[in-house]
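Undergrad: Can you keep this structure in mind? I'll have questions shortly.
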Amino acid sequence: MAGADESKQKQPKGRTLAEFGKLHPAEQKLLEACAAGDVADAGDKRPDQRTEENFIRPEFLRFLVLGGDKHAPVHEKGVQMRGAWIDGNLDLEACRVPVPLYFWSCNFAGDLMLRDTDLKGLNLRNSKVQKIGGDRLRCSGSVFLREGFHATDEVRLPGAHIGGNLSCRGSRFENANSDGLFCDGIEVGGDVFLSAAADGRRFHATGAVRLLGAQIGGDLTCSGGRFENADGNALIFDRAKIDGGVFLKSEASGEKFHATGEVRLLGARISGNLECIGGRFENGNGDALSCDRAEIDGSVFLIGGFHATGAVRLVNIHIGGDLNCSGGRFESERDALSCERAEIGGALFFRNVECKSGAISLAASHVNSLIDDPESWPQGNRLALDGFRYDRISGNAPTNSDSRIRWLDKQQPEHLGDDFRPQPWEQLAKVLREMGHDEDAKLVAIEKQRRLREAGKIGWHTVPFHSLFGILAGYGYRPMWTFGWMLGIWLSCAVLYQIAAYQGVFAPSNPRIFAEPKFQLCSPQRGGNWTDCDFAPLEHTAFNALIYSLDLILPVVDLQQDKDWAPMVNRAHPTKVSRYENLTTSETFTASIHEIWWLGVIARGVMWFEILFGWLATSMFVAALSVKFTKE
């Protein structure tokens, strides 16, 4: 009601054409054009100065804009003027303007005051104004500030309602000390264009461009635009709701999107894509592009020459499609690309990426597919992968264990050392296993165990067993290694036992045999050898080095060899020559006995080692099988 009362005060009903006296040439042209529905042409170009030919009084223009009178009728096509100089402020605050307004190539020497104004449409193509105050403006049509439009002070449209498009193609907004274009809370039924014009003129804003909480029914297009606010936000549309896409990219003509200062869309809701193809984002050591908590139903493209100097933040972002960074360039003294807690429904493309400085963090994020190349990830341990989850590796990205382990080795030093993070290793092994790359998955899992020990994450009292478990069974991922070791130990020990037996080291372990006189010729002291003696009792097990070694190394198998035979260790004389009587022929003979006493010691020690190794290897094989079945 207050606005209506104010409107009545600003539009006195008694205002008539006669009150303006003699009209200037441009005013006369405008009067005639309004009656006929034509364009009043005061000059072909936007005037740089006031002349008698182009001069229009703002109060006369206001009279026509508000409908004129019976002597100055205004056609339904509206007020249409080209090349005029409006000398002063055009005050339409809280007014209801019944016709559309077209001011092409005009120069407003003052401000355009549109606070709480109700319009049909507004076109200021190639016009120049000092300031526009359009708080809570209502326009049922479109607002065109484009193709050469130039504002030398702040343009304000906070809380405005525009039924059509807001087009600022090829325009210039200058307000270096504050906001160039202030549109917080604006509602636009169509598209918003802050982009280059078809004639090649760029959108250029000096000062912040603000669209906080904006609601846009179509696209937000900033392609080819230049946004400058080095000490603050260049373009900000936090919490904006955009039913189309957002385009911060290069034009087909080659004009690049270029922002000096932070580009922010914190908590924005975008139904289409966020495309930064070929865009240039600069903000020194600050944030170049901030998209924290944004929700994007489409994909995000940081490709095709995309270049960010300053951090690119995609923290806690939700992307329904892909995140494509292929061909992008990231530079920052801090995190060059931060994607912590990001949820990406499609793929993460990370190919041909250049990251000269700054870290890349994918901590606690999730993507459907990882499509990368090893060279793109930053060198020098500047990668954070703890909590990074991906369902598969695709698109010809490397899946061999060597390449992937080198990728994991690019993590931050502390995550490979004292603060070792096992999750990236577990995740990689899990994905490779699910993709059918079992061998590579095992190699990654084995390497993880080695790194755990190197990082000191294995208890000191279990380090020896852990190391031995790795050597014998590959930490459970190579259970057949245990059989290989057992086979090697079995055969090696069997060879040694055979040599020892040939030298007369082995003897029966049953003391009854030594008490029988008829068996004495089998004793080495009488020139015999217990292991191949013809006088040995038939019921006694014959010595076999292979079976003896197998009996020792298999703790759960009893082949009777280790019970019937044992190496002799203690000998009375190292070398001895004795006379003996043959018990069957009563003849006597001499024998030279070379007592190899040290071979018996070795054979006994090897026997103990093989028994212990058999128990240990069997235990590790059982543990390895449990690990294998648990992982599967």
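Here, A, B, ... name the chains of the structure tokens in the order displayed, residue numbers run from 1 inside each chain, and ligands are numbered from 1 in the same displayed order.
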Which residues are close to Ile602 in chain A, i.e. within 12 Å by only C-alpha atoms, leaving aside same-chain residues fewer than 2 positions away? Reply as a VMD selection string.

TA: chain A and resid 493 496 to 497 499 to 500 505 to 506 567 to 569 596 to 600 604 to 609

Undergrad: Output C-alpha atoms for every residue in that selection, as an mmCIF file, in the first residue's frame.

TA:
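Saved the output as out-v5.cif:
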data_model
loop_
_atom_site.group_PDB
_atom_site.id
_atom_site.type_symbol
_atom_site.label_atom_id
_atom_site.label_comp_id
_atom_site.auth_asym_id
_atom_site.auth_seq_id
_atom_site.Cartn_x
_atom_site.Cartn_y
_atom_site.Cartn_z
ATOM 1 C CA CYS A 493 66.960 -82.225 3.804
ATOM 2 C CA LEU A 496 71.573 -84.243 3.426
ATOM 3 C CA TYR A 497 70.041 -87.270 5.186
ATOM 4 C CA ILE A 499 74.691 -88.250 2.528
ATOM 5 C CA ALA A 500 74.663 -88.713 6.288
ATOM 6 C CA VAL A 505 75.474 -91.511 10.644
ATOM 7 C CA PHE A 506 71.959 -92.952 10.872
ATOM 8 C CA PRO A 567 71.283 -89.678 13.504
ATOM 9 C CA MET A 568 74.144 -90.691 15.844
ATOM 10 C CA VAL A 569 75.898 -87.735 17.406
ATOM 11 C CA ILE A 596 82.450 -88.185 10.873
ATOM 12 C CA TRP A 597 81.105 -86.986 14.165
ATOM 13 C CA TRP A 598 80.256 -83.445 12.983
ATOM 14 C CA LEU A 599 77.920 -84.800 10.276
ATOM 15 C CA GLY A 600 75.770 -86.366 12.966
ATOM 16 C CA ARG A 604 70.394 -83.820 14.198
ATOM 17 C CA GLY A 605 70.130 -80.028 13.912
ATOM 18 C CA VAL A 606 68.550 -80.244 10.462
ATOM 19 C CA MET A 607 66.102 -82.827 11.793
ATOM 20 C CA TRP A 608 64.980 -80.434 14.532
ATOM 21 C CA PHE A 609 64.752 -77.559 12.048
#

Undergrad: So which residues of range 20-204 of chain A fall under alpha helix (DSSP H) by DSSP, listed as a list in words?

TA: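 Answer for range 20-204 of chain A restricted to alpha helix (DSSP H) is Pro25, Ala26, Glu27, Gln28, Lys29, Leu30, Leu31, Glu32, Ala33, Cys34, Ala35, Ala36, Pro58, Glu59, Phe60, Leu61, Arg62, Phe63, Leu64 and Val65 of chain A.
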
Undergrad: For C-alpha atoms, I'd like the residues from the last selection saved as a compact mmCIF listing (two decimals), in the first residue's frame.

TA:
# COMPACT_ATOMS: atom_id res chain seq x y z
CA PRO A 25 13.86 18.17 -31.58
CA ALA A 26 14.52 14.74 -30.03
CA GLU A 27 11.48 15.17 -27.79
CA GLN A 28 9.28 16.02 -30.75
CA LYS A 29 10.50 12.92 -32.60
CA LEU A 30 9.81 10.79 -29.58
CA LEU A 31 6.29 12.27 -29.19
CA GLU A 32 5.41 11.44 -32.79
CA ALA A 33 7.00 7.98 -32.65
CA CYS A 34 5.11 7.04 -29.48
CA ALA A 35 1.81 7.91 -31.12
CA ALA A 36 2.64 5.87 -34.24
CA PRO A 58 14.03 13.09 -18.04
CA GLU A 59 10.72 14.49 -16.76
CA PHE A 60 9.29 14.56 -20.32
CA LEU A 61 10.49 11.01 -20.92
CA ARG A 62 8.86 9.96 -17.67
CA PHE A 63 5.59 11.62 -18.77
CA LEU A 64 5.49 9.46 -21.91
CA VAL A 65 6.68 6.30 -20.16

Undergrad: Find the spatial neighbours of range 440-455 of chain A, counting only C-alpha atoms, within a cut-off of 12 Å - ignore same-chain residues fewer than 4 positions away - and output them as a ChimeraX atom specification.

TA: /A:398-409,413-436,459-471,473-479,627-628,631-632

Undergrad: Let's have the selection written as an mmCIF file, in the first residue's frame, with C-alpha atoms.

TA:
data_model
loop_
_atom_site.group_PDB
_atom_site.id
_atom_site.type_symbol
_atom_site.label_atom_id
_atom_site.label_comp_id
_atom_site.auth_asym_id
_atom_site.auth_seq_id
_atom_site.Cartn_x
_atom_site.Cartn_y
_atom_site.Cartn_z
ATOM 1 C CA PRO A 398 45.756 -49.091 -16.210
ATOM 2 C CA THR A 399 44.795 -51.983 -13.966
ATOM 3 C CA ASN A 400 48.173 -53.654 -13.567
ATOM 4 C CA SER A 401 49.525 -53.709 -10.048
ATOM 5 C CA ASP A 402 52.781 -51.900 -10.872
ATOM 6 C CA SER A 403 51.013 -48.823 -12.259
ATOM 7 C CA ARG A 404 48.456 -48.749 -9.500
ATOM 8 C CA ILE A 405 51.020 -49.136 -6.727
ATOM 9 C CA ARG A 406 52.953 -46.209 -8.221
ATOM 10 C CA TRP A 407 49.667 -44.265 -8.108
ATOM 11 C CA LEU A 408 49.212 -45.067 -4.425
ATOM 12 C CA ASP A 409 52.832 -44.081 -3.793
ATOM 13 C CA PRO A 413 54.204 -38.788 2.921
ATOM 14 C CA GLU A 414 52.472 -39.057 6.276
ATOM 15 C CA HIS A 415 49.813 -41.332 4.764
ATOM 16 C CA LEU A 416 52.575 -43.706 3.710
ATOM 17 C CA GLY A 417 54.513 -43.393 6.954
ATOM 18 C CA ASP A 418 53.637 -42.745 10.569
ATOM 19 C CA ASP A 419 49.985 -42.019 9.760
ATOM 20 C CA PHE A 420 49.682 -44.878 7.282
ATOM 21 C CA ARG A 421 46.230 -45.088 5.643
ATOM 22 C CA PRO A 422 45.358 -48.665 4.619
ATOM 23 C CA GLN A 423 41.993 -47.862 2.988
ATOM 24 C CA PRO A 424 43.378 -46.819 -0.444
ATOM 25 C CA TRP A 425 45.229 -50.145 -0.670
ATOM 26 C CA GLU A 426 42.205 -52.156 0.414
ATOM 27 C CA GLN A 427 39.969 -50.266 -2.031
ATOM 28 C CA LEU A 428 42.287 -50.878 -4.972
ATOM 29 C CA ALA A 429 42.663 -54.577 -4.173
ATOM 30 C CA LYS A 430 38.879 -54.932 -3.782
ATOM 31 C CA VAL A 431 38.118 -53.262 -7.125
ATOM 32 C CA LEU A 432 40.774 -55.238 -9.010
ATOM 33 C CA ARG A 433 39.476 -58.469 -7.507
ATOM 34 C CA GLU A 434 35.864 -57.647 -8.441
ATOM 35 C CA MET A 435 36.977 -56.800 -11.980
ATOM 36 C CA GLY A 436 38.638 -60.218 -12.293
ATOM 37 C CA GLY A 459 53.488 -54.777 16.794
ATOM 38 C CA TRP A 460 57.167 -55.297 17.567
ATOM 39 C CA HIS A 461 56.464 -58.703 19.121
ATOM 40 C CA THR A 462 54.743 -59.931 15.932
ATOM 41 C CA VAL A 463 57.126 -58.444 13.361
ATOM 42 C CA PRO A 464 59.185 -61.666 12.997
ATOM 43 C CA PHE A 465 56.084 -63.796 12.469
ATOM 44 C CA HIS A 466 54.584 -61.178 10.120
ATOM 45 C CA SER A 467 57.797 -61.126 8.054
ATOM 46 C CA LEU A 468 57.944 -64.913 7.956
ATOM 47 C CA PHE A 469 54.264 -65.062 7.034
ATOM 48 C CA GLY A 470 55.021 -62.801 4.080
ATOM 49 C CA ILE A 471 57.971 -64.897 2.948
ATOM 50 C CA ALA A 473 52.654 -67.469 2.335
ATOM 51 C CA GLY A 474 52.544 -63.945 0.885
ATOM 52 C CA TYR A 475 50.587 -62.749 3.947
ATOM 53 C CA GLY A 476 47.902 -65.286 3.167
ATOM 54 C CA TYR A 477 47.444 -64.258 -0.454
ATOM 55 C CA ARG A 478 49.939 -66.875 -1.702
ATOM 56 C CA PRO A 479 49.072 -70.097 0.182
ATOM 57 C CA VAL A 627 42.697 -65.192 4.705
ATOM 58 C CA LYS A 628 41.930 -66.358 1.188
ATOM 59 C CA LYS A 631 38.703 -62.120 1.096
ATOM 60 C CA GLU A 632 36.656 -64.162 -1.342
#

Undergrad: Mind checking which residues fall within 12 Å of Ser357 in chain A, counting only C-alpha atoms, ignoring those fewer than 3 positions away in the same chain, and posting them as a PyMOL selection string?

TA: chain A and resi 285+308-311+329-337+354+360+377-383

Undergrad: Excluding range 80-84 of chain A and its own-chain neighbours fewer than 3 positions away, which residues fall within 8 Å of it when counting only C-alpha atoms? Please give them as a ChimeraX atom specification.

TA: /A:26,30,33-34,37-47,54-56,101-107

Undergrad: Write the selection just made, keeping N, CA and C atoms, as a PDB file, in the first residue's frame?

TA:
ATOM      1  N   ALA A  26      14.583  16.165 -30.360  1.00  0.00           N
ATOM      2  CA  ALA A  26      14.520  14.743 -30.030  1.00  0.00           C
ATOM      3  C   ALA A  26      13.222  14.417 -29.298  1.00  0.00           C
ATOM      4  N   LEU A  30      10.282  11.841 -30.471  1.00  0.00           N
ATOM      5  CA  LEU A  30       9.807  10.792 -29.575  1.00  0.00           C
ATOM      6  C   LEU A  30       8.297  10.863 -29.408  1.00  0.00           C
ATOM      7  N   ALA A  33       6.768   9.417 -32.539  1.00  0.00           N
ATOM      8  CA  ALA A  33       7.004   7.975 -32.651  1.00  0.00           C
ATOM      9  C   ALA A  33       6.141   7.189 -31.671  1.00  0.00           C
ATOM     10  N   CYS A  34       5.941   7.738 -30.482  1.00  0.00           N
ATOM     11  CA  CYS A  34       5.112   7.038 -29.482  1.00  0.00           C
ATOM     12  C   CYS A  34       3.673   6.920 -29.963  1.00  0.00           C
ATOM     13  N   GLY A  37       3.779   4.241 -32.829  1.00  0.00           N
ATOM     14  CA  GLY A  37       4.358   2.925 -32.535  1.00  0.00           C
ATOM     15  C   GLY A  37       5.666   2.702 -33.242  1.00  0.00           C
ATOM     16  N   ASP A  38       6.384   3.826 -33.575  1.00  0.00           N
ATOM     17  CA  ASP A  38       7.662   3.734 -34.275  1.00  0.00           C
ATOM     18  C   ASP A  38       8.818   4.005 -33.320  1.00  0.00           C
ATOM     19  N   VAL A  39      10.038   3.940 -33.886  1.00  0.00           N
ATOM     20  CA  VAL A  39      11.253   4.239 -33.135  1.00  0.00           C
ATOM     21  C   VAL A  39      11.657   5.665 -33.415  1.00  0.00           C
ATOM     22  N   ALA A  40      11.861   6.449 -32.367  1.00  0.00           N
ATOM     23  CA  ALA A  40      12.362   7.815 -32.507  1.00  0.00           C
ATOM     24  C   ALA A  40      13.882   7.753 -32.595  1.00  0.00           C
ATOM     25  N   ASP A  41      14.419   8.278 -33.705  1.00  0.00           N
ATOM     26  CA  ASP A  41      15.853   8.194 -33.940  1.00  0.00           C
ATOM     27  C   ASP A  41      16.478   9.567 -33.787  1.00  0.00           C
ATOM     28  N   ALA A  42      17.222   9.742 -32.674  1.00  0.00           N
ATOM     29  CA  ALA A  42      17.905  11.016 -32.443  1.00  0.00           C
ATOM     30  C   ALA A  42      19.349  10.978 -32.902  1.00  0.00           C
ATOM     31  N   GLY A  43      19.837   9.816 -33.325  1.00  0.00           N
ATOM     32  CA  GLY A  43      21.218   9.684 -33.784  1.00  0.00           C
ATOM     33  C   GLY A  43      21.531   8.222 -34.035  1.00  0.00           C
ATOM     34  N   ASP A  44      22.479   7.990 -34.902  1.00  0.00           N
ATOM     35  CA  ASP A  44      22.821   6.617 -35.251  1.00  0.00           C
ATOM     36  C   ASP A  44      23.657   5.937 -34.169  1.00  0.00           C
ATOM     37  N   LYS A  45      24.400   6.711 -33.373  1.00  0.00           N
ATOM     38  CA  LYS A  45      25.285   6.154 -32.365  1.00  0.00           C
ATOM     39  C   LYS A  45      24.935   6.700 -30.991  1.00  0.00           C
ATOM     40  N   ARG A  46      25.455   5.994 -29.983  1.00  0.00           N
ATOM     41  CA  ARG A  46      25.275   6.488 -28.622  1.00  0.00           C
ATOM     42  C   ARG A  46      26.037   7.802 -28.470  1.00  0.00           C
ATOM     43  N   PRO A  47      25.339   8.876 -28.082  1.00  0.00           N
ATOM     44  CA  PRO A  47      25.978  10.188 -28.034  1.00  0.00           C
ATOM     45  C   PRO A  47      26.993  10.291 -26.881  1.00  0.00           C
ATOM     46  N   ASN A  54      19.876  15.938 -29.716  1.00  0.00           N
ATOM     47  CA  ASN A  54      19.666  14.633 -29.076  1.00  0.00           C
ATOM     48  C   ASN A  54      19.129  14.738 -27.649  1.00  0.00           C
ATOM     49  N   PHE A  55      18.929  15.939 -27.160  1.00  0.00           N
ATOM     50  CA  PHE A  55      18.590  16.156 -25.760  1.00  0.00           C
ATOM     51  C   PHE A  55      17.123  15.853 -25.478  1.00  0.00           C
ATOM     52  N   ILE A  56      16.892  15.054 -24.406  1.00  0.00           N
ATOM     53  CA  ILE A  56      15.544  14.779 -23.909  1.00  0.00           C
ATOM     54  C   ILE A  56      15.547  14.987 -22.403  1.00  0.00           C
ATOM     55  N   LEU A 101       9.619  -0.586 -22.700  1.00  0.00           N
ATOM     56  CA  LEU A 101      10.561   0.510 -22.879  1.00  0.00           C
ATOM     57  C   LEU A 101      11.764   0.027 -23.675  1.00  0.00           C
ATOM     58  N   TYR A 102      12.089   0.802 -24.733  1.00  0.00           N
ATOM     59  CA  TYR A 102      13.241   0.486 -25.571  1.00  0.00           C
ATOM     60  C   TYR A 102      14.101   1.733 -25.701  1.00  0.00           C
ATOM     61  N   PHE A 103      15.298   1.676 -25.119  1.00  0.00           N
ATOM     62  CA  PHE A 103      16.242   2.786 -25.235  1.00  0.00           C
ATOM     63  C   PHE A 103      17.532   2.226 -25.831  1.00  0.00           C
ATOM     64  N   TRP A 104      17.643   2.387 -27.156  1.00  0.00           N
ATOM     65  CA  TRP A 104      18.780   1.827 -27.858  1.00  0.00           C
ATOM     66  C   TRP A 104      19.829   2.917 -28.081  1.00  0.00           C
ATOM     67  N   SER A 105      21.064   2.619 -27.718  1.00  0.00           N
ATOM     68  CA  SER A 105      22.188   3.545 -27.942  1.00  0.00           C
ATOM     69  C   SER A 105      21.943   4.908 -27.317  1.00  0.00           C
ATOM     70  N   CYS A 106      21.272   4.912 -26.194  1.00  0.00           N
ATOM     71  CA  CYS A 106      21.027   6.162 -25.484  1.00  0.00           C
ATOM     72  C   CYS A 106      22.046   6.348 -24.364  1.00  0.00           C
ATOM     73  N   ASN A 107      22.204   7.622 -23.947  1.00  0.00           N
ATOM     74  CA  ASN A 107      23.136   7.934 -22.872  1.00  0.00           C
ATOM     75  C   ASN A 107      22.363   8.613 -21.736  1.00  0.00           C
TER      76      ASN A 107
END

Undergrad: Write out as a PyMOL selection string which residues come within 7 Å of range 156-159 of chain A when counting only C-alpha atoms, dropping same-chain ones fewer than 2 positions away.

TA: chain A and resi 132-137+154+161+181-186

Undergrad: Go ahead and save the picked residues with C-alpha atoms, as a short mmCIF file (atom, residue, chain, number, x, y, z; two decimals), in the first residue's frame.

TA:
data_model
loop_
_atom_site.label_atom_id
_atom_site.label_comp_id
_atom_site.auth_asym_id
_atom_site.auth_seq_id
_atom_site.Cartn_x
_atom_site.Cartn_y
_atom_site.Cartn_z
CA ILE A 132 20.39 1.36 -12.02
CA GLY A 133 18.44 0.90 -8.82
CA GLY A 134 16.01 -1.91 -9.54
CA ASP A 135 15.37 -3.46 -6.12
CA ARG A 136 12.24 -5.63 -6.26
CA LEU A 137 11.63 -4.66 -9.87
CA GLU A 154 26.33 -0.37 -9.51
CA HIS A 161 11.03 -10.73 -10.72
CA LEU A 181 25.90 -6.27 -10.83
CA PHE A 182 23.90 -7.02 -7.68
CA CYS A 183 21.08 -9.54 -8.23
CA ASP A 184 20.70 -11.37 -4.92
CA GLY A 185 17.37 -13.17 -4.66
CA ILE A 186 16.40 -12.42 -8.24
#

Undergrad: May I ask which of the residues A:Pro524, A:Gly387, A:Gly225, A:Gly320 is the closest one to Glu340 in chain A, counting only C-alpha atoms?

TA: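 Closest candidate: A:Gly387.
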
Undergrad: Tell me which protein, DNA and RNA residues are within 6 Å of Val97 in chain A, counting only C-alpha atoms, leaving out same-chain ones fewer than 5 positions away, and put them as JSON, numbers by chain.

TA: {"A": [66, 118, 119]}

Undergrad: Selected residues, C-alpha atoms, written as a PDB file, in the first residue's frame, please.

TA:
ATOM      1  CA  LEU A  66       3.741   6.540 -17.772  1.00  0.00           C
ATOM      2  CA  ASP A 118       6.243  -2.743 -12.530  1.00  0.00           C
ATOM      3  CA  LEU A 119       7.329  -3.059 -16.179  1.00  0.00           C
TER       4      LEU A 119
END
